[in-house]
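Heads up: the structure comes next, in structure tokens.
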Amino acid sequence: MTALLAGIGAVFEPSVLLCLGTGLVVGMLVGMFPGITATMAVALASGFTMTLEPVQGLAVLLTIYVAANFGDRIPSILINTPGTPASIATTFDGYPMAKNGEAGLALIVSALVSAVGILASMVLFASASVPLAQLALKFGPSEMFAVVILAMTIMISISSSSLTKGLLAGVIGLFIATVGRDPITGDARFTFGIRELNSGLDFIAVIIGLFGIAELFDQLLTHRDHKVQPISALGRWWPTRSEYKRIAKPTVISGIVGLIVGVIPGAGGDIAGLLGWDRAKSASKTRETFGKGNIEGVAASDTASSATLGGSLTTTMALGIPGDSVMAVMIGSMIIWGIQPGPSLFVNRPALVVTITTIMVLATLVTLGINLVRMPMMVKLLDMPKHYIWATILVFCIIGTYATTNNLFTVTVMLVFGVIGVILKRCSIPAGPIVLGLILGPLAEANLRRTLLIDGPAGLINKPISAVLLAFAVIAVVTAIATPILARRRQKAATVQSN
Amino acid sequence: MIEPQKLASTSGGTDVSPGEPAAEPDYSAKPSRTLEIAIAVVALVLSVAALVLSRDIVLRMGGGGIDPKWWPTMLSCCGIALSLVLLLQAFLSTSSHRGDLLAIERRGWTRMIVSLTLSAVYVFAWSRFGYVVPTIIFTGALLWVFGLRSWKGLVIFPVAVAIFIYGLFHLLLRVPL
Amino acid sequence: MKLSKFFMQSAAAAALFGLALATPSFAQDKFPSKDITFVVQAAAGGASDRTSRAIAAELEKDLGVNVIVENRPGATGTVAFAHVAEQPADGYTIGFGPVEFAIAEHIGYDFNRENYTYLAQVMDSPVVLAVRADSPYNTLEEFLEAAKTEELSVSNSGAASAFAAATFTLSKMTGAKLTGVPFDGGAPAVAAALGGHVDAVTAGAGETATAFADGTLKVLAIFSDKPHPMFEGVKTAKEQGYDLTFGAWGGVYGPAGIPDDVKEILEESIRKAVSSQTFLDAITPAGILPVYRPGDEWKAFVDAEAARYGEMLAQ
């Protein structure tokens, strides 16, 4: 009880609140900028926070983490450019909603469910960190491989118009991901003597190119001055009562997905967002409009990816093993402050655990409040004449990509993928499966080969978790193939009968 | 490009139904069998090229079994199979539609190619002359290409953007530009 | 119109800003008279970045100019090394040179150790071999003995790294059957050992310290000359009869041909930085040990390491 009070009280010091405010400003600024990730902001900020008191420093870094997660969604919805990988799935329904004139509604729903996701995950963090972390350790290479294979089945559901093209896109993504050094032997693959390619194609540059720049180029190609563009029409802000009811189910389903994925080390908001979107789609009554501007899709992707925050915090604090790249940086800072993450943290310093929870909750609530107020201003930006918007997007994407590596090669990669992206778009080959392939490819290959190194082929099936997950994957593929065939047969039978 | 009338009329992608008088002209992209065949052929060629490149990966320590060549080889084989299916579909299917894609506008090509060229020149100029001046010129040039003609906007907006970015990155985040 | 008002205000701000930029910095003859760029070969946040920023902060205090840290990650660090090699050798561009200086050339990178001026070694992060707390092995001897009859798996932080080389060399030297399993970084490698998916892990001291302190991981050996302060009671490999040292060391370098007077100033400043308390506070909690070797000595060490890794990686 005293720990609880002391932990909460530690946050409500003026200096700590000031740090929280600083983190908020930095986090919201970088979140909006495509390419600048929370990881980068936290890493750079940790240089300044080293000399602060631990609680003050945690306030800055955790608030950046939270605020960037919110800000991330804005460019995804407004200009189809995921600020970071975690908001890829947001573009699926968020941007179509904006194009239908519902940008305001999409932004508000996104902010609300992001808050729900983070708060739910913090409940889990505060109540069950240590047992959950033990569960997380059960995920070794063979289990990870099974998770990845299960996640790959999403390719089927995000292939909107043509299944063949969707799968082809997935293969393109998986193949692009092999550029660079082999994960097990370190041999160079498809580097063509270009030094930079040894570390693979920069993921952020590729997604900004495929989504943001490709969309911009498509607009440049097809824009007609006299045609009304509904994107800047504000539309409604707040969901109606029936819309709240509609988003309840996807929020719960994808929230659970996000919580589970968040605890698995090595799987983060990107995979969670896609999986959550997919699960919500298959459970929805209006699944055929998913990907075309369905409010349930936005709710699902953002709840799931936000719900991973508490999960990564759990593995980080309870095991000392970073749950995601932001947490990897955070651990470095915490050790400098003399905080040793691990199971003993929860026994020896319960007040600190309460403080961390309080900071996260407070940061979430304040960011939500500010976001709800500033959204109208954000959308008004789109009322600017087209030439300003286009020029700004192009410049911001170039600078944002440059800042990830300080190397103009990365900018070139982004522009090349912008051109590839617009060609694929004109060919109706979807970008979603490509990105999914990019994320999952290295995980699939490396974990499969690690499993084989450790146990040989038997390693895949003699562990209960991986065997069950692989069975799920098989079921998912079989149903996906069988459903349309069965439906067609039934239809045929019906026509025969009526004749 | 050949655009068979039959395909167009069965297309599910057009929003304007042919019966009613269109309030505005139909700008959606027209489906095209030739395009679909071309896509499949290009995909096939690229997949075969990928397969050849995969077999050519140089291994430092000798291969065999599940070596670095194995995964890309498998992927390019999948690519070949999918391209063949796509080719078959392009010949057989009648229901290809292009979703909500819009048709390309006449000036569109110029706009896109010029902004791409400008970006390339900008990247080069940045590496040569530093961040500030190229960014201002680049932003201004883009605005002009996109149709802005007011000199105030052409000068003030680029300067403001350059300063905002410089402030955020160079000063706040200490990322040297 | 609101927009134009916004632009006018921005223009005013711009003018002020331009004025600030234009303030001339008086040229001086003595080094350093302008900002120094410190190139890091890894992304912000890791051990290299942490060490570099700590050094840069100390250099800034000592030399009285800004030392700007620039992250240029990619291709095992060779993107950054190549960039530094191309800069003028005036001492205004320096960088962080990690153990990859000795490895890159052996794994197919276009990299030449002779293209650089070696200023000083500043740190070393020794490799440790650890097993899960409930593992039957308590010493390096027991572990290697068991590996002679059955194949044991050892996770490490990445292919062709110092950590992978440690496993490989250990098995080659003793005939123990050890399978190295590379992971994507030290943390997942440690997690795999904690979860019992592999039999042991070779990782940096910092990455295993948390689990060691919590008692979930037993450290069997530390591959370093002397015991590590964070691992009380753990013997070095040498003390257990295996004369092997492995470490993720690092130092400060610049392009080849930095004039001797400038080199001296930098060397002296780095020496002071390494012995400063702030530097110690920044790196030791992460398991990194401050190690100082002046430029020439460090160069000889790099050459020796390169020869050693050449043998290990040639197979």
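To be explicit about the labels: the chains of the structure tokens are called A, B, and onward in the order shown, and within each one the residues are counted from 1, while ligands get numbers from 1 in the order they are shown.
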
(request) Name the residues of range 130-205 of chain C that come out as helix (DSSP H, G or I) in a backbone DSSP run; write them as a VMD selection string. (result) chain C and resid 140 to 149 162 to 174 186 to 194 205

Preceding selection exported with C-alpha atoms as an mmCIF file, in the first residue's frame:
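Just written: result28.cif:
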data_model
loop_
_atom_site.group_PDB
_atom_site.id
_atom_site.type_symbol
_atom_site.label_atom_id
_atom_site.label_comp_id
_atom_site.auth_asym_id
_atom_site.auth_seq_id
_atom_site.Cartn_x
_atom_site.Cartn_y
_atom_site.Cartn_z
ATOM 1 C CA LEU C 140 33.923 -24.419 -18.384
ATOM 2 C CA GLU C 141 35.651 -27.797 -17.983
ATOM 3 C CA GLU C 142 32.399 -29.645 -17.252
ATOM 4 C CA PHE C 143 30.657 -27.950 -20.135
ATOM 5 C CA LEU C 144 33.352 -28.799 -22.661
ATOM 6 C CA GLU C 145 33.625 -32.351 -21.340
ATOM 7 C CA ALA C 146 29.895 -32.886 -21.885
ATOM 8 C CA ALA C 147 30.175 -31.427 -25.370
ATOM 9 C CA LYS C 148 32.637 -34.123 -26.304
ATOM 10 C CA THR C 149 29.964 -36.805 -26.097
ATOM 11 C CA ALA C 162 33.437 -11.867 -32.099
ATOM 12 C CA PHE C 163 30.843 -13.873 -30.156
ATOM 13 C CA ALA C 164 30.397 -16.417 -32.932
ATOM 14 C CA ALA C 165 34.162 -16.681 -33.273
ATOM 15 C CA ALA C 166 34.492 -17.453 -29.554
ATOM 16 C CA THR C 167 32.249 -20.524 -29.818
ATOM 17 C CA PHE C 168 33.892 -21.673 -32.987
ATOM 18 C CA THR C 169 37.422 -21.347 -31.669
ATOM 19 C CA LEU C 170 36.547 -23.024 -28.393
ATOM 20 C CA SER C 171 35.190 -26.054 -30.195
ATOM 21 C CA LYS C 172 38.114 -26.185 -32.623
ATOM 22 C CA MET C 173 40.655 -25.895 -29.804
ATOM 23 C CA THR C 174 39.152 -28.533 -27.543
ATOM 24 C CA GLY C 186 22.746 -10.084 -27.961
ATOM 25 C CA ALA C 187 19.414 -9.816 -26.158
ATOM 26 C CA PRO C 188 17.564 -12.497 -28.159
ATOM 27 C CA ALA C 189 20.609 -14.761 -27.844
ATOM 28 C CA VAL C 190 20.486 -14.442 -24.059
ATOM 29 C CA ALA C 191 16.710 -14.964 -24.101
ATOM 30 C CA ALA C 192 17.159 -18.206 -26.023
ATOM 31 C CA ALA C 193 19.478 -19.489 -23.292
ATOM 32 C CA LEU C 194 17.129 -18.330 -20.519
ATOM 33 C CA ALA C 205 29.263 -8.865 -20.361
#

Mind running range 91-208 of chain C against range 54-74 of chain C at 10 Å and telling me each contacting residue's nearest atom pair with the distance in Å (one decimal), counting only C-alpha atoms, chain and number ascending, as a Markdown table?
| residue | atom | partner | partner_atom | distance |
| --- | --- | --- | --- | --- |
| C:Tyr92 | CA | C:Val67 | CA | 9.0 |
| C:Thr93 | CA | C:Val67 | CA | 9.5 |
| C:Ile94 | CA | C:Val69 | CA | 9.7 |
| C:Gly95 | CA | C:Val69 | CA | 8.8 |
| C:Phe96 | CA | C:Ile55 | CA | 9.7 |
| C:Val122 | CA | C:Ile55 | CA | 8.8 |

(request) Find, counting only C-alpha atoms, the residue in C:Ala102, C:Val252, C:Ile107, C:Val84 that gets nearest to chain B. (result)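 Between C:Ala102, C:Val252, C:Ile107, C:Val84, the residue approaching chain B most closely is C:Ile107.
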
(message) With only C-alpha atoms as the counted atoms, please give the residues lying no more than 9 Å from Arg60 in chain B, apart from itself and same-chain residues fewer than 5 positions off, as a ChimeraX atom specification.
(response) /A:185-187 /C:107-108,314

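The list of residues with at least one atom within 8 Å of range 45-48 of chain B, based on only C-alpha atoms and without residues fewer than 2 positions apart in the same chain, reads B:Val41, B:Val42, B:Ala43, B:Ala50, B:Leu51, B:Val52, B:Ser76, B:Cys77, B:Gly79, B:Ile80, B:Ser83.
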
(message) Please list as a list in words every residue within 12 Å of His106 in chain C, counting only C-alpha atoms and excluding residues in the same chain fewer than 5 positions away.
(response) Gly186 and Asp187 of chain A; Arg60 of chain B; Glu100, Phe101, Phe111, Asn112, Arg113, Ala160, Ser161, Glu305, Ala306, Ala307, Arg308, Tyr309, Gly310, Glu311, Met312, Leu313, Ala314 and Gln315 of chain C

(message) List as a VMD selection string the protein and nucleic acid residues near Ile136 in chain B, meaning an atom at most 10 Å away when only C-alpha atoms are counted, but skip any in the same chain fewer than 4 places from it.
(response) chain B and resid 131 to 132 140 to 141 154 to 163

Same residues, N, CA, C and O atoms, saved as an mmCIF file, in the first residue's frame:
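Saved the output as out34.cif:
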data_model
loop_
_atom_site.group_PDB
_atom_site.id
_atom_site.type_symbol
_atom_site.label_atom_id
_atom_site.label_comp_id
_atom_site.auth_asym_id
_atom_site.auth_seq_id
_atom_site.Cartn_x
_atom_site.Cartn_y
_atom_site.Cartn_z
ATOM 1 N N TYR B 131 22.754 21.323 -46.972
ATOM 2 C CA TYR B 131 21.318 21.178 -46.821
ATOM 3 C C TYR B 131 20.519 22.421 -47.217
ATOM 4 O O TYR B 131 19.550 22.342 -47.968
ATOM 5 N N VAL B 132 20.921 23.603 -46.719
ATOM 6 C CA VAL B 132 20.020 24.766 -46.710
ATOM 7 C C VAL B 132 19.577 25.202 -48.107
ATOM 8 O O VAL B 132 18.383 25.165 -48.436
ATOM 9 N N GLY B 140 10.821 25.167 -53.644
ATOM 10 C CA GLY B 140 10.259 26.185 -54.531
ATOM 11 C C GLY B 140 9.970 25.622 -55.909
ATOM 12 O O GLY B 140 8.887 25.826 -56.476
ATOM 13 N N ALA B 141 10.940 24.847 -56.449
ATOM 14 C CA ALA B 141 10.767 24.276 -57.778
ATOM 15 C C ALA B 141 9.571 23.333 -57.811
ATOM 16 O O ALA B 141 8.771 23.351 -58.747
ATOM 17 N N LEU B 154 6.089 31.139 -53.381
ATOM 18 C CA LEU B 154 7.249 30.423 -53.902
ATOM 19 C C LEU B 154 8.501 30.723 -53.092
ATOM 20 O O LEU B 154 9.431 29.931 -53.076
ATOM 21 N N VAL B 155 8.550 31.882 -52.437
ATOM 22 C CA VAL B 155 9.739 32.219 -51.661
ATOM 23 C C VAL B 155 9.545 31.869 -50.185
ATOM 24 O O VAL B 155 10.357 31.187 -49.568
ATOM 25 N N ILE B 156 8.426 32.330 -49.640
ATOM 26 C CA ILE B 156 8.261 32.230 -48.187
ATOM 27 C C ILE B 156 8.064 30.789 -47.725
ATOM 28 O O ILE B 156 8.669 30.343 -46.768
ATOM 29 N N PHE B 157 7.226 30.034 -48.438
ATOM 30 C CA PHE B 157 6.945 28.661 -47.999
ATOM 31 C C PHE B 157 8.211 27.801 -47.946
ATOM 32 O O PHE B 157 8.482 27.174 -46.923
ATOM 33 N N PRO B 158 9.018 27.788 -49.026
ATOM 34 C CA PRO B 158 10.246 26.979 -48.961
ATOM 35 C C PRO B 158 11.154 27.384 -47.806
ATOM 36 O O PRO B 158 11.710 26.523 -47.118
ATOM 37 N N VAL B 159 11.299 28.685 -47.570
ATOM 38 C CA VAL B 159 12.168 29.130 -46.481
ATOM 39 C C VAL B 159 11.613 28.635 -45.147
ATOM 40 O O VAL B 159 12.342 28.109 -44.302
ATOM 41 N N ALA B 160 10.296 28.747 -44.975
ATOM 42 C CA ALA B 160 9.682 28.320 -43.716
ATOM 43 C C ALA B 160 9.883 26.825 -43.506
ATOM 44 O O ALA B 160 10.245 26.387 -42.407
ATOM 45 N N VAL B 161 9.681 26.043 -44.561
ATOM 46 C CA VAL B 161 9.848 24.583 -44.440
ATOM 47 C C VAL B 161 11.288 24.245 -44.082
ATOM 48 O O VAL B 161 11.556 23.473 -43.158
ATOM 49 N N ALA B 162 12.225 24.884 -44.773
ATOM 50 C CA ALA B 162 13.640 24.602 -44.521
ATOM 51 C C ALA B 162 13.994 24.930 -43.080
ATOM 52 O O ALA B 162 14.719 24.185 -42.417
ATOM 53 N N ILE B 163 13.471 26.031 -42.565
ATOM 54 C CA ILE B 163 13.797 26.428 -41.197
ATOM 55 C C ILE B 163 13.153 25.479 -40.191
ATOM 56 O O ILE B 163 13.792 25.060 -39.221
#

Could you list, with a cut-off of 6 Å and counting only C-alpha atoms, the residues of chain A near chain C, each shown with its nearest atom pair and the distance in Å rounded to one decimal, rows sorted by chain and ascending number, as CSV?
residue,atom,partner,partner_atom,distance
A:Ala43,CA,C:Gly45,CA,4.9
A:Leu137,CA,C:Gly195,CA,4.6
A:Lys138,CA,C:Gly195,CA,5.6
A:Gly140,CA,C:His197,CA,5.8
A:Ile184,CA,C:Ala159,CA,5.5
A:Thr185,CA,C:Ala159,CA,5.6
A:Gly186,CA,C:Ala159,CA,5.3
A:Glu196,CA,C:Ala75,CA,5.8
A:Asn198,CA,C:Ala75,CA,4.8
A:Ser199,CA,C:Ala75,CA,4.6
A:Ile321,CA,C:Ala187,CA,5.9
A:Val329,CA,C:Gly45,CA,5.0
A:Ile335,CA,C:Pro285,CA,5.9
A:Ile336,CA,C:Pro285,CA,5.6
A:Thr405,CA,C:Arg72,CA,5.4
A:Asn406,CA,C:Arg72,CA,5.7
A:Ile454,CA,C:Ser153,CA,6.0

Mind writing the picked residues with N, CA, C and O atoms as a tab-separated table (two decimals), in the first residue's frame?
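Contents of result_5.tsv, as written:
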chain	number	residue	atom	x	y	z
A	43	ALA	N	16.45	7.23	-28.26
A	43	ALA	CA	17.91	7.09	-28.22
A	43	ALA	C	18.58	8.44	-28.11
A	43	ALA	O	19.51	8.64	-27.32
A	137	LEU	N	9.43	-16.41	-22.38
A	137	LEU	CA	10.68	-17.14	-22.58
A	137	LEU	C	10.46	-18.44	-23.33
A	137	LEU	O	11.38	-19.01	-23.90
A	138	LYS	N	9.22	-18.94	-23.29
A	138	LYS	CA	8.92	-20.20	-23.98
A	138	LYS	C	9.04	-20.04	-25.50
A	138	LYS	O	9.04	-21.02	-26.22
A	140	GLY	N	11.02	-19.76	-28.34
A	140	GLY	CA	12.34	-19.90	-28.93
A	140	GLY	C	12.22	-19.89	-30.44
A	140	GLY	O	11.15	-19.56	-30.98
A	184	ILE	N	22.50	-16.42	-40.92
A	184	ILE	CA	23.18	-17.50	-40.21
A	184	ILE	C	24.66	-17.60	-40.58
A	184	ILE	O	25.51	-17.78	-39.73
A	185	THR	N	24.97	-17.46	-41.87
A	185	THR	CA	26.37	-17.62	-42.26
A	185	THR	C	27.06	-16.29	-42.52
A	185	THR	O	28.28	-16.22	-42.57
A	186	GLY	N	26.29	-15.23	-42.75
A	186	GLY	CA	26.89	-13.94	-43.04
A	186	GLY	C	27.33	-13.77	-44.48
A	186	GLY	O	28.03	-12.82	-44.81
A	196	GLU	N	26.26	-0.46	-49.18
A	196	GLU	CA	25.11	-0.21	-48.31
A	196	GLU	C	24.12	-1.37	-48.30
A	196	GLU	O	23.40	-1.57	-47.34
A	198	ASN	N	24.67	-4.36	-47.99
A	198	ASN	CA	25.05	-5.44	-47.09
A	198	ASN	C	24.15	-5.51	-45.86
A	198	ASN	O	23.94	-6.56	-45.29
A	199	SER	N	23.66	-4.36	-45.42
A	199	SER	CA	22.78	-4.41	-44.25
A	199	SER	C	21.32	-4.52	-44.68
A	199	SER	O	20.42	-4.31	-43.89
A	321	ILE	N	15.06	-8.31	-20.80
A	321	ILE	CA	15.25	-8.54	-22.24
A	321	ILE	C	14.32	-7.59	-22.98
A	321	ILE	O	13.11	-7.62	-22.77
A	329	VAL	N	16.86	0.54	-26.03
A	329	VAL	CA	17.54	1.78	-25.67
A	329	VAL	C	17.24	2.13	-24.22
A	329	VAL	O	18.11	2.57	-23.46
A	335	ILE	N	19.94	1.08	-16.72
A	335	ILE	CA	21.11	0.51	-16.05
A	335	ILE	C	22.02	1.64	-15.56
A	335	ILE	O	22.56	1.59	-14.46
A	336	ILE	N	22.12	2.69	-16.37
A	336	ILE	CA	22.93	3.83	-15.95
A	336	ILE	C	22.35	4.49	-14.70
A	336	ILE	O	23.07	4.94	-13.82
A	405	THR	N	19.48	7.17	-41.32
A	405	THR	CA	20.84	6.64	-41.45
A	405	THR	C	21.88	7.71	-41.72
A	405	THR	O	23.07	7.39	-41.76
A	406	ASN	N	21.47	8.96	-41.92
A	406	ASN	CA	22.40	10.02	-42.33
A	406	ASN	C	23.10	9.68	-43.63
A	406	ASN	O	24.24	10.07	-43.84
A	454	ILE	N	19.63	-26.28	-34.13
A	454	ILE	CA	19.57	-26.75	-32.74
A	454	ILE	C	19.10	-28.19	-32.67
A	454	ILE	O	19.72	-29.03	-32.02

(message) Set the cut-off to 6 Å and count only C-alpha atoms: what are the residues of chain A that reach chain B? Output as a ChimeraX atom specification.
(response) /A:217,220-222,387,391

(message) Taking only C-alpha atoms into account, name the residue in A:Thr410, A:Ser325, A:Gln219, A:Asn100 that is nearest to Trp390 in chain A.
(response)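 Of the candidates, the smallest distance to Trp390 in chain A is held by A:Gln219.
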
(request) Find the residues near Pro341 in chain A: any atom within 12 Å, counting only C-alpha atoms, skip ones fewer than 4 places away on the same chain, and give them as a ChimeraX atom specification. (result) /A:130,313-322,327-328,330-337,345-350,352-353 /C:207-214
